[in-house]
Each structure stands twice: as structure tokens, then as C-alpha cells.
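Reading through the C-alpha cells given below for one structure.
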Amino acid sequence: MRLRAYLLIMIGAIILPISLFAAIALQTLLSSEREAALQTLGQSAGATALLVDRELSSAEAALHVLARSPHLAHGDLAGFYEHAKSADRGDGGRVILFDAAGQQLINTVVPLGSKLPQTRDEVRARLRQVMATRKTMVSDLITGPLQKNPVTTITVPVPLLGGERYVLGSVFAPDYFSRLMARRPVPSSWAVSVIDHNGRFIAGPGGAARLGQPANPSLVKAAADAQQGLIRYATDDGVDAYHAFVHSPMSGWTIAVAVPAGEIEGAARHAVMLAAGGMLVALLCAALAAVFFGRRLAAAIGGAAQAATRLSEGGGLASASAAAAASSGIAEFDALQRSIGEAGIKLARSETERASLLQREQQARKLAEAQVRIRDDFLAMLSHELRNPLSGILGAAQLLRIENANPVQKRHAQDILLRQGKHLTRIVDDLLDLARLARGKVRLDMRPVELASVVEAVVDALRVAGRVEQQLECRLAPAWILGDRTRIEQMVGNLVTNALKYTPAQGRIAIELKPGEDEACLIVRDSGVGIAPELMPTLFETFVQGAVSLDRAQGGLGIGLSLVRSMVTLHGGTVTAASEGSGKGSTFTLCLPLLKEGADTAAVVESAPPAAASELAVSTVLLIEDNNDARHMLSAQLSAAGYEVFEADNGVDGIALARRERPDLAIVDIGLPGMNGYQIAARLRRDPDTKMLRLVALTGYGQEADRQLALNAGFDAHFAKPLQFESLADILAGVS
């Protein structure tokens, strides 16, 4: 037998088993990858079902809260309507109250007292079942009798102590669940659908066009036979796809997630085909090489043996490269050896790169997990910080409604309302400042400021507020700087408040202001809880705080020091922190550039406004505000102060009142329905009878751009909600 035949047999004996095992391994990999992808598909369907149930549970909880409304218990439907209106989910859903006979009494989509349609028989049957079983029920897709849109509902029974029985329902808008599905972080090629018991789409990839349309019969049949499962069929577009489905435990709806089959199997199949093709090419090349080089190989065996000896002596990658460099007399053999050496080098490099990529991926994952933890901690902190003042406000409001409460208790309740309202305003202002700083939208009013007087004012304000229980000592030397006094007060206040917060009662706090050659340094030392070493590198990051107790007695959102660092950077200064460790107190040092003697401040100091021009004092006020509570409270304050007040809850009535009553001043809410505040101002300015009327804009948006927009629309002043009544003092007194 010739050498070439032996070579062919040898090559076949080597490559064919390798090919067989490689094919088996690749097929196993293909199957495992497909199973893993399908398992992920099923998990996505389950997660979507949990998301739908969470929304339904949230609506159910809101209905149970409404069911305990004292207005409903006392038969006050008007009060209950306002309560239900406040619990609406906006365009996403409305609240309906049914009596025991199944007739609608209240529907928040229309005003109270509007004529409501008769309830259909199938709806009455469902309502009777709710009252009989006293269980919550979720409907399939139905047509709303009032707006004639396809909707879904959730209903809960409301038995009252007096024997009366009602049913409360919450209506989900047609696109509610479609918008909910759109927020699911799934690949664009995936299709998530919600299907009711009748096999109709509640939400799907086609949006409004698919709403109410029948789902694929294969999917509907499979969902009817099993709680969850996986089927494969072609979609309406002719795309072969896998469909994972699961039933929502709360509603019984079918949640389906579809993925093209090619996406599931394509990558693994491509790898198998590529490997098979490569193997065939390798076999063909090996056979050709055996035939072509058989003759020369016999003569080169001696040289090859020597090359093999040299390769065996190397013992590693370096020796393989050296052996490849030695000529065997056969160019192909030499090229093969060089290829092996180069492949080894590239493989080593690829392994290094893979390790580097893996390390970066792990770091990115840790960073993402840390950011998620920070977000969750912040939401928990924000919830706590909002619930505390809200609890005080609700308690005070309930006390004020008690007729036989003594005057001292009522004054105390009023003080709580004012104090907690201001606290909520400070929380919102800090969050807005943080957002402005992140977008670079903060504008500084740079003027010469005496820093010692600012520190004294901040400390005095804290003492008057009763927040200083520690031994607080101030050593302040005069120091003039160039800065925004309001922002400097904010920085100093945050540092001092931070020291008070983390220093126990009867502890010591020392505040020292030392001017140097080029900068003035404010040093705040305390004997409080100190700073843990692991917290020090991230102390000035947003939402970072030290360990707090479960009751969060120290409070705060963890943004105070971040605001200080951002503000001091804008002023060209620095802020640092130092501590010997937990329980050993801390020291914060804030340094700002000193104002040079004789420095030209004309470029940064804005010119003072002209002297206030006196006008006629205000005696009549027109108040245009659609929020009844806000309008009644401001009207009551103005009336108590001696002003005659005219009220309107919309722009048309407000303009008519302005023309008829000719008030001295009009306070206009910007966010009015129908005609907004800017349009009202434009009409009043065009009318000769009202063009001289003084206009004050009132809005929930307090950015500089919002203020400028109001002034451009014709308003004389702009105030952000919540309105401090003292802010109107100059305008009501007749001062421009």
C-alpha cells in the first residue's frame, strides 16, 4: 500500500471521530441553548403575568381604601365622588360605584349628577356574583356603555354596617395594558400579549389595532388546556415563532410572549453549520495534501523527524516557534508549523482579552447593582421623609375638624400644618436643586457677601426653630467673598444641619471661620457619630448616607452634602471631610475664594432694581384656580386679611368676572383646563377694560424658564406652588 493511502487512512482515522464527537457536542449545545432560551421565554411570560397582577392588585387595594371612605358610610355621595375622583389613575382608569341593584351611581369619567346609562344584564349578573361571593372579580374585554370603548374592569364588594351594599369598580382604559407592556424591557423582536377568557386581545404588539381582535386559535386552545406551556406556530405575518403562555393568577387572563424561532435557533444552528463546513473543508484539504505531498513527504521524513525532535526539546510555545522557524524542506510543513505558533500566540492574546472583558463586565455589573441599591434606598428614604410630614398634616387637619377641640390644640395643629408644609417644600426644593445641578441649569446671583453674617443668620435661625440641643460654639472672623448669598446660606445650613443631625443632645459642635491669604475657610467640628472609613470615598455622592436606624430618626435624603459639593464648585471653592472613625466625630471644611480689595465686581454684580413704584393698594382680588381646595384656602386667607375676593374655576368665567367687577389684582393658575393661564393673560391684556389689571401667575413649575414665559405672556409676577401668603405682601400693599 502506498504512503498516500496510509496518509488518507490516518487522516480519516483522526478526523472522522473528531468530526463525529464534534457534531454530537454541537448538537447537544444547540439543544441546551434552545432549551435555555425557551426557559427564558417562559420566565418572561411569568414575569409579565406578575406585572399585570401587580397592576390589578394595586387597583384592588385602591378600591378597598375607597370602600372604607367615611363619605360612603354616611351616604355623602358628593363627598365620595371627590374622594373617588382624587383616586383616579387619570386617563388610565376611572372609578364607578354601583348600588345593590347594579345601577351606576357614580362614574368619575363624567361630573357628579350626570345621567348614567342603564347597566347591561351581563354586567348586573357579574355584580350580583361579586356581592354574593364577596370576592373581587376581573372582567374580560367589554365595551364601556358611557364612552363606547373596549375596556376591562375590576370590581370589589362594599358591605356597610347599615346593611347597604355597593360594588366599586375600577375601569382600565383601552391602551392601559399596552402601555404597561411597552415598559417591559424585552427585545424589539419579542411580542408580548394579554388575552382574555374569550380569546380576545387586551394588549398586544399591534397596539390599538389588535385590541379586541381574536388571538390565534392554536394559542387559545393550548391555553384552555393548561395553566402554562409552550407551543410553536406561524404568526399572522407568516413568521415561525415560539409562544410561551401562562395564566394570570388573579384575572385568569392568558399572558403570551412570542419570539421568532429563527432567533432562538439561528445562532446555534449557524455555529453547527459553520463547524460542519469547516470539517468538510479540512477533510478535503487533508486528502489533497496527502496525495500531493506524499512523494515529497517520504524524502522529508528525516528532516521532519529532526524538526519533531527540536519541537519536543522546547517544551512549550517558545520551542514550538523555534521549531517552526527551522526549515524541513517542505514549504507546507513549515507553513503549518508557523501557523501553529501564530495560532498559539493569538490564542494567548485572545485569552488575555477575554479575561479583561470578563473583568470589565463584572465591574459594570457591580456598578449597576450598586446603582440599583442606591435607587431603592433613596425611594425608601423619600417615602419615609414624605410620610412623616404627611402624617402630621393629616393628623392636624383631622384635629381641626373636631368642633370641641380647645383653641390651644387648634393653634398647635395650625403650627404643625405650617411647619410640615414648609418641610415638604424644602424636600421638593432640594430635589429640584439636584436636578438643576445635574443639567447645569443653576444660575448664581454673584454679589459681595460677608460670610460671618451668613453663618450667624443660619445658626440663629436654627436656634429659633428649636433644633439646637447641643453645645454650639461659634468663632467667626469677618471675611468678604463673592457669591450667591442664598446658595451660600444653603451650603452653610446643610453643613450645620448635618452636624446637628449626627451629634447627640448635649454633644459639642464648634463652628470656626478663618480667613487666609486667598480664601476663607469655614470649619464645622462635631463630637457626633463620626464617619466610617468605607463611607469616606463616597460621602459627597448623591443619596449616600451612613448607617441609619429602622426608625430613621436622623432623617434626610442623602443629598445635602452632594448639593454642598456642587454649589461650592460653582463658587470656585472646595469642601472636604475628615473623621477618625465611627463614634469619634467629624470635621467638614468649606473654603471659598476671598474677595480681593479693589476688585472690579461690575461684571458679576447685577445692577439693583429701580426703586419700587407705589401703586394703589389692592382691595379687590380675582382668583382663577380650578383646584377647589387650593382656591378656597387662598380665598379664605385673602378674605381674613380684609380683601374682597371673586372666585372662578375656569378661564371663561374668570375673564367675565374681570370685565364685570374690575378687580385691582388677578391671581391666575397656569394649568387650567380648556383655557390656560397664558391665554387668559393675553385676552385680558388685549381688552381695553382689563389691560391695566395687575396679573400674578401661580403654577407648580418654578424653573427660570417658566418665570420668563409667564412674564412674556403679560403677567406682572410669577409664584410657584405652594404659595407662601407672605410672598403676596408687597403686591397686595400696592408695591410693584
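Letters A, B, ... go to the chains of the C-alpha cells in the order shown; residues in each chain start at 1; ligands are counted from 1 in the same order.
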### Query
Near Arg68 of chain A, within 12 Å and counting only C-alpha atoms, which residues show up once chain neighbours fewer than 6 positions away are dropped, as number ranges by chain?
A: 61-62, 74, 80, 83-84, 156-161, 166, 168
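Every protein, DNA or RNA residue with an atom at most 9 Å from Gln104 of chain A, where only C-alpha atoms count and chain neighbours fewer than 4 positions away do not, is listed here: Ile96, Leu97, Phe98, Asp99, Leu116, Pro117, Gln118 and Thr119 of chain A.
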Residues near Gly144 of chain A, cut-off 12 Å, only C-alpha atoms, skip fewer than 4 positions along chain, as a PDB file with all heavy atoms, in the first residue's frame:
ATOM      1  N   GLY A  93     -57.519  55.130  33.991  1.00  0.00           N
ATOM      2  CA  GLY A  93     -58.602  54.408  34.622  1.00  0.00           C
ATOM      3  C   GLY A  93     -59.524  55.313  35.401  1.00  0.00           C
ATOM      4  O   GLY A  93     -59.117  56.373  35.876  1.00  0.00           O
ATOM      5  N   ARG A  94     -60.758  54.891  35.559  1.00  0.00           N
ATOM      6  CA  ARG A  94     -61.781  55.637  36.271  1.00  0.00           C
ATOM      7  C   ARG A  94     -62.425  54.746  37.321  1.00  0.00           C
ATOM      8  O   ARG A  94     -62.272  53.522  37.304  1.00  0.00           O
ATOM      9  CB  ARG A  94     -62.854  56.158  35.301  1.00  0.00           C
ATOM     10  CG  ARG A  94     -62.315  57.060  34.200  1.00  0.00           C
ATOM     11  CD  ARG A  94     -61.767  58.366  34.752  1.00  0.00           C
ATOM     12  NE  ARG A  94     -61.340  59.270  33.685  1.00  0.00           N
ATOM     13  CZ  ARG A  94     -60.817  60.467  33.871  1.00  0.00           C
ATOM     14  NH1 ARG A  94     -60.631  60.904  35.105  1.00  0.00           N
ATOM     15  NH2 ARG A  94     -60.474  61.224  32.856  1.00  0.00           N
ATOM     16  N   ILE A  96     -66.066  53.583  39.338  1.00  0.00           N
ATOM     17  CA  ILE A  96     -67.524  53.514  39.199  1.00  0.00           C
ATOM     18  C   ILE A  96     -68.087  52.924  40.494  1.00  0.00           C
ATOM     19  O   ILE A  96     -67.551  51.967  41.049  1.00  0.00           O
ATOM     20  CB  ILE A  96     -67.946  52.640  38.001  1.00  0.00           C
ATOM     21  CG1 ILE A  96     -67.307  53.158  36.704  1.00  0.00           C
ATOM     22  CG2 ILE A  96     -69.459  52.644  37.848  1.00  0.00           C
ATOM     23  CD1 ILE A  96     -67.611  52.290  35.499  1.00  0.00           C
ATOM     24  N   ASN A 107     -69.800  57.746  38.326  1.00  0.00           N
ATOM     25  CA  ASN A 107     -68.792  57.390  37.310  1.00  0.00           C
ATOM     26  C   ASN A 107     -67.890  58.612  37.160  1.00  0.00           C
ATOM     27  O   ASN A 107     -68.344  59.673  36.697  1.00  0.00           O
ATOM     28  CB  ASN A 107     -69.453  57.037  35.978  1.00  0.00           C
ATOM     29  CG  ASN A 107     -68.461  56.412  35.014  1.00  0.00           C
ATOM     30  OD1 ASN A 107     -67.288  56.788  35.016  1.00  0.00           O
ATOM     31  ND2 ASN A 107     -68.902  55.461  34.204  1.00  0.00           N
ATOM     32  N   VAL A 109     -65.759  59.469  35.204  1.00  0.00           N
ATOM     33  CA  VAL A 109     -65.432  59.973  33.868  1.00  0.00           C
ATOM     34  C   VAL A 109     -66.323  61.154  33.501  1.00  0.00           C
ATOM     35  O   VAL A 109     -66.026  61.921  32.593  1.00  0.00           O
ATOM     36  CB  VAL A 109     -65.570  58.834  32.835  1.00  0.00           C
ATOM     37  CG1 VAL A 109     -67.019  58.559  32.482  1.00  0.00           C
ATOM     38  CG2 VAL A 109     -64.800  59.190  31.563  1.00  0.00           C
ATOM     39  N   LEU A 116     -76.473  58.603  33.903  1.00  0.00           N
ATOM     40  CA  LEU A 116     -75.637  57.435  33.654  1.00  0.00           C
ATOM     41  C   LEU A 116     -76.460  56.359  32.959  1.00  0.00           C
ATOM     42  O   LEU A 116     -77.661  56.201  33.224  1.00  0.00           O
ATOM     43  CB  LEU A 116     -75.074  56.882  34.970  1.00  0.00           C
ATOM     44  CG  LEU A 116     -74.171  57.863  35.736  1.00  0.00           C
ATOM     45  CD1 LEU A 116     -73.785  57.281  37.084  1.00  0.00           C
ATOM     46  CD2 LEU A 116     -72.928  58.164  34.914  1.00  0.00           C
ATOM     47  N   PRO A 117     -75.866  55.596  32.039  1.00  0.00           N
ATOM     48  CA  PRO A 117     -76.611  54.598  31.262  1.00  0.00           C
ATOM     49  C   PRO A 117     -77.054  53.427  32.130  1.00  0.00           C
ATOM     50  O   PRO A 117     -76.511  53.161  33.195  1.00  0.00           O
ATOM     51  CB  PRO A 117     -75.590  54.156  30.206  1.00  0.00           C
ATOM     52  CG  PRO A 117     -74.271  54.392  30.852  1.00  0.00           C
ATOM     53  CD  PRO A 117     -74.444  55.621  31.680  1.00  0.00           C
ATOM     54  N   GLN A 118     -78.074  52.734  31.623  1.00  0.00           N
ATOM     55  CA  GLN A 118     -78.542  51.514  32.291  1.00  0.00           C
ATOM     56  C   GLN A 118     -77.473  50.421  32.194  1.00  0.00           C
ATOM     57  O   GLN A 118     -76.788  50.288  31.181  1.00  0.00           O
ATOM     58  CB  GLN A 118     -79.842  51.027  31.643  1.00  0.00           C
ATOM     59  CG  GLN A 118     -81.040  51.934  31.885  1.00  0.00           C
ATOM     60  CD  GLN A 118     -81.460  51.948  33.355  1.00  0.00           C
ATOM     61  OE1 GLN A 118     -81.364  50.932  34.040  1.00  0.00           O
ATOM     62  NE2 GLN A 118     -81.920  53.106  33.827  1.00  0.00           N
ATOM     63  N   THR A 119     -77.345  49.664  33.230  1.00  0.00           N
ATOM     64  CA  THR A 119     -76.347  48.592  33.249  1.00  0.00           C
ATOM     65  C   THR A 119     -76.867  47.381  32.483  1.00  0.00           C
ATOM     66  O   THR A 119     -78.023  46.962  32.657  1.00  0.00           O
ATOM     67  CB  THR A 119     -76.040  48.183  34.695  1.00  0.00           C
ATOM     68  OG1 THR A 119     -75.659  49.350  35.431  1.00  0.00           O
ATOM     69  CG2 THR A 119     -74.906  47.177  34.738  1.00  0.00           C
ATOM     70  N   ARG A 120     -76.004  46.813  31.645  1.00  0.00           N
ATOM     71  CA  ARG A 120     -76.404  45.648  30.861  1.00  0.00           C
ATOM     72  C   ARG A 120     -76.581  44.433  31.766  1.00  0.00           C
ATOM     73  O   ARG A 120     -76.027  44.353  32.866  1.00  0.00           O
ATOM     74  CB  ARG A 120     -75.352  45.360  29.789  1.00  0.00           C
ATOM     75  CG  ARG A 120     -75.241  46.473  28.742  1.00  0.00           C
ATOM     76  CD  ARG A 120     -74.457  45.980  27.529  1.00  0.00           C
ATOM     77  NE  ARG A 120     -73.107  45.601  27.910  1.00  0.00           N
ATOM     78  CZ  ARG A 120     -72.089  46.437  27.903  1.00  0.00           C
ATOM     79  NH1 ARG A 120     -72.270  47.692  27.530  1.00  0.00           N
ATOM     80  NH2 ARG A 120     -70.877  46.022  28.242  1.00  0.00           N
ATOM     81  N   VAL A 123     -73.518  42.537  32.949  1.00  0.00           N
ATOM     82  CA  VAL A 123     -72.790  43.266  33.990  1.00  0.00           C
ATOM     83  C   VAL A 123     -73.507  43.120  35.330  1.00  0.00           C
ATOM     84  O   VAL A 123     -72.882  42.929  36.379  1.00  0.00           O
ATOM     85  CB  VAL A 123     -72.629  44.743  33.594  1.00  0.00           C
ATOM     86  CG1 VAL A 123     -71.926  45.508  34.712  1.00  0.00           C
ATOM     87  CG2 VAL A 123     -71.835  44.859  32.297  1.00  0.00           C
ATOM     88  N   SER A 139     -62.936  41.459  34.945  1.00  0.00           N
ATOM     89  CA  SER A 139     -63.719  41.144  33.744  1.00  0.00           C
ATOM     90  C   SER A 139     -62.811  40.880  32.555  1.00  0.00           C
ATOM     91  O   SER A 139     -61.616  41.201  32.564  1.00  0.00           O
ATOM     92  CB  SER A 139     -64.654  42.304  33.428  1.00  0.00           C
ATOM     93  OG  SER A 139     -63.932  43.367  32.827  1.00  0.00           O
ATOM     94  N   ASP A 140     -63.410  40.288  31.515  1.00  0.00           N
ATOM     95  CA  ASP A 140     -62.751  40.225  30.217  1.00  0.00           C
ATOM     96  C   ASP A 140     -62.921  41.567  29.519  1.00  0.00           C
ATOM     97  O   ASP A 140     -63.431  42.534  30.107  1.00  0.00           O
ATOM     98  CB  ASP A 140     -63.366  39.099  29.383  1.00  0.00           C
ATOM     99  CG  ASP A 140     -62.982  37.729  29.928  1.00  0.00           C
ATOM    100  OD1 ASP A 140     -61.901  37.630  30.534  1.00  0.00           O
ATOM    101  OD2 ASP A 140     -63.758  36.782  29.766  1.00  0.00           O
ATOM    102  N   LYS A 148     -68.159  54.007  25.028  1.00  0.00           N
ATOM    103  CA  LYS A 148     -68.202  53.067  23.903  1.00  0.00           C
ATOM    104  C   LYS A 148     -66.807  52.579  23.505  1.00  0.00           C
ATOM    105  O   LYS A 148     -66.537  52.322  22.333  1.00  0.00           O
ATOM    106  CB  LYS A 148     -68.905  53.696  22.686  1.00  0.00           C
ATOM    107  CG  LYS A 148     -70.273  54.277  22.983  1.00  0.00           C
ATOM    108  CD  LYS A 148     -71.220  53.230  23.556  1.00  0.00           C
ATOM    109  CE  LYS A 148     -72.610  53.821  23.798  1.00  0.00           C
ATOM    110  NZ  LYS A 148     -73.523  52.842  24.435  1.00  0.00           N
ATOM    111  N   ASN A 149     -65.916  52.490  24.439  1.00  0.00           N
ATOM    112  CA  ASN A 149     -64.568  51.992  24.173  1.00  0.00           C
ATOM    113  C   ASN A 149     -64.408  50.613  24.799  1.00  0.00           C
ATOM    114  O   ASN A 149     -65.018  50.316  25.832  1.00  0.00           O
ATOM    115  CB  ASN A 149     -63.512  52.929  24.756  1.00  0.00           C
ATOM    116  CG  ASN A 149     -63.454  54.248  24.026  1.00  0.00           C
ATOM    117  OD1 ASN A 149     -63.707  54.311  22.831  1.00  0.00           O
ATOM    118  ND2 ASN A 149     -63.117  55.307  24.742  1.00  0.00           N
ATOM    119  N   PRO A 150     -63.582  49.750  24.214  1.00  0.00           N
ATOM    120  CA  PRO A 150     -63.298  48.458  24.848  1.00  0.00           C
ATOM    121  C   PRO A 150     -62.441  48.654  26.090  1.00  0.00           C
ATOM    122  O   PRO A 150     -61.396  49.290  26.029  1.00  0.00           O
ATOM    123  CB  PRO A 150     -62.558  47.684  23.760  1.00  0.00           C
ATOM    124  CG  PRO A 150     -61.987  48.726  22.861  1.00  0.00           C
ATOM    125  CD  PRO A 150     -62.924  49.892  22.902  1.00  0.00           C
ATOM    126  N   VAL A 151     -62.903  48.144  27.221  1.00  0.00           N
ATOM    127  CA  VAL A 151     -62.204  48.323  28.489  1.00  0.00           C
ATOM    128  C   VAL A 151     -62.234  47.009  29.267  1.00  0.00           C
ATOM    129  O   VAL A 151     -62.952  46.069  28.911  1.00  0.00           O
ATOM    130  CB  VAL A 151     -62.851  49.449  29.337  1.00  0.00           C
ATOM    131  CG1 VAL A 151     -62.757  50.775  28.621  1.00  0.00           C
ATOM    132  CG2 VAL A 151     -64.317  49.116  29.643  1.00  0.00           C
ATOM    133  N   THR A 152     -61.437  46.967  30.339  1.00  0.00           N
ATOM    134  CA  THR A 152     -61.502  45.881  31.310  1.00  0.00           C
ATOM    135  C   THR A 152     -61.758  46.491  32.678  1.00  0.00           C
ATOM    136  O   THR A 152     -61.402  47.650  32.918  1.00  0.00           O
ATOM    137  CB  THR A 152     -60.196  45.073  31.342  1.00  0.00           C
ATOM    138  OG1 THR A 152     -59.096  45.977  31.549  1.00  0.00           O
ATOM    139  CG2 THR A 152     -59.992  44.323  30.052  1.00  0.00           C
ATOM    140  N   THR A 153     -62.367  45.729  33.572  1.00  0.00           N
ATOM    141  CA  THR A 153     -62.732  46.266  34.876  1.00  0.00           C
ATOM    142  C   THR A 153     -62.333  45.305  35.976  1.00  0.00           C
ATOM    143  O   THR A 153     -62.182  44.101  35.755  1.00  0.00           O
ATOM    144  CB  THR A 153     -64.248  46.528  34.972  1.00  0.00           C
ATOM    145  OG1 THR A 153     -64.949  45.285  34.874  1.00  0.00           O
ATOM    146  CG2 THR A 153     -64.703  47.462  33.866  1.00  0.00           C
ATOM    147  N   SER A 170     -63.170  49.597  39.127  1.00  0.00           N
ATOM    148  CA  SER A 170     -62.127  50.432  38.519  1.00  0.00           C
ATOM    149  C   SER A 170     -61.989  50.013  37.065  1.00  0.00           C
ATOM    150  O   SER A 170     -61.874  48.829  36.757  1.00  0.00           O
ATOM    151  CB  SER A 170     -60.797  50.254  39.260  1.00  0.00           C
ATOM    152  OG  SER A 170     -59.811  51.080  38.695  1.00  0.00           O
ATOM    153  N   VAL A 171     -62.019  50.991  36.182  1.00  0.00           N
ATOM    154  CA  VAL A 171     -62.004  50.740  34.735  1.00  0.00           C
ATOM    155  C   VAL A 171     -60.601  50.996  34.197  1.00  0.00           C
ATOM    156  O   VAL A 171     -60.011  52.044  34.462  1.00  0.00           O
ATOM    157  CB  VAL A 171     -63.023  51.639  34.013  1.00  0.00           C
ATOM    158  CG1 VAL A 171     -62.992  51.363  32.515  1.00  0.00           C
ATOM    159  CG2 VAL A 171     -64.413  51.395  34.567  1.00  0.00           C
ATOM    160  N   PHE A 172     -60.069  50.044  33.446  1.00  0.00           N
ATOM    161  CA  PHE A 172     -58.783  50.214  32.785  1.00  0.00           C
ATOM    162  C   PHE A 172     -59.024  50.666  31.347  1.00  0.00           C
ATOM    163  O   PHE A 172     -59.789  50.046  30.605  1.00  0.00           O
ATOM    164  CB  PHE A 172     -57.983  48.911  32.796  1.00  0.00           C
ATOM    165  CG  PHE A 172     -57.560  48.472  34.160  1.00  0.00           C
ATOM    166  CD1 PHE A 172     -58.340  47.633  34.926  1.00  0.00           C
ATOM    167  CD2 PHE A 172     -56.376  48.939  34.705  1.00  0.00           C
ATOM    168  CE1 PHE A 172     -57.955  47.251  36.189  1.00  0.00           C
ATOM    169  CE2 PHE A 172     -55.971  48.550  35.965  1.00  0.00           C
ATOM    170  CZ  PHE A 172     -56.767  47.706  36.707  1.00  0.00           C
ATOM    171  N   ALA A 173     -58.377  51.761  30.957  1.00  0.00           N
ATOM    172  CA  ALA A 173     -58.536  52.331  29.623  1.00  0.00           C
ATOM    173  C   ALA A 173     -58.070  51.327  28.568  1.00  0.00           C
ATOM    174  O   ALA A 173     -57.314  50.395  28.859  1.00  0.00           O
ATOM    175  CB  ALA A 173     -57.741  53.623  29.504  1.00  0.00           C
ATOM    176  N   PRO A 174     -58.493  51.516  27.285  1.00  0.00           N
ATOM    177  CA  PRO A 174     -58.150  50.546  26.230  1.00  0.00           C
ATOM    178  C   PRO A 174     -56.657  50.296  26.099  1.00  0.00           C
ATOM    179  O   PRO A 174     -56.226  49.176  25.877  1.00  0.00           O
ATOM    180  CB  PRO A 174     -58.748  51.190  24.963  1.00  0.00           C
ATOM    181  CG  PRO A 174     -59.822  52.089  25.456  1.00  0.00           C
ATOM    182  CD  PRO A 174     -59.381  52.579  26.788  1.00  0.00           C
TER     183      PRO A 174
END
### Message
So that I can check the surroundings of Leu665 of chain A, please list as a ChimeraX atom specification every protein, DNA and RNA residue that reaches within 10 Å of it, counting only C-alpha atoms and ignoring chain neighbours fewer than 6 positions away.
### Response
/A:617-623,645,658,692-696,731-732,734
### Query
If you count only C-alpha atoms, which residues fall within 12 Å of Ser32 of chain A, apart from same-chain ones fewer than 6 positions away, as a VMD selection string?
chain A and resid 25 to 26 38 to 39 264 to 265 268
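Atom CA of Met536 of chain A lies 16.5 Å from atom CA of Leu563 of chain A.
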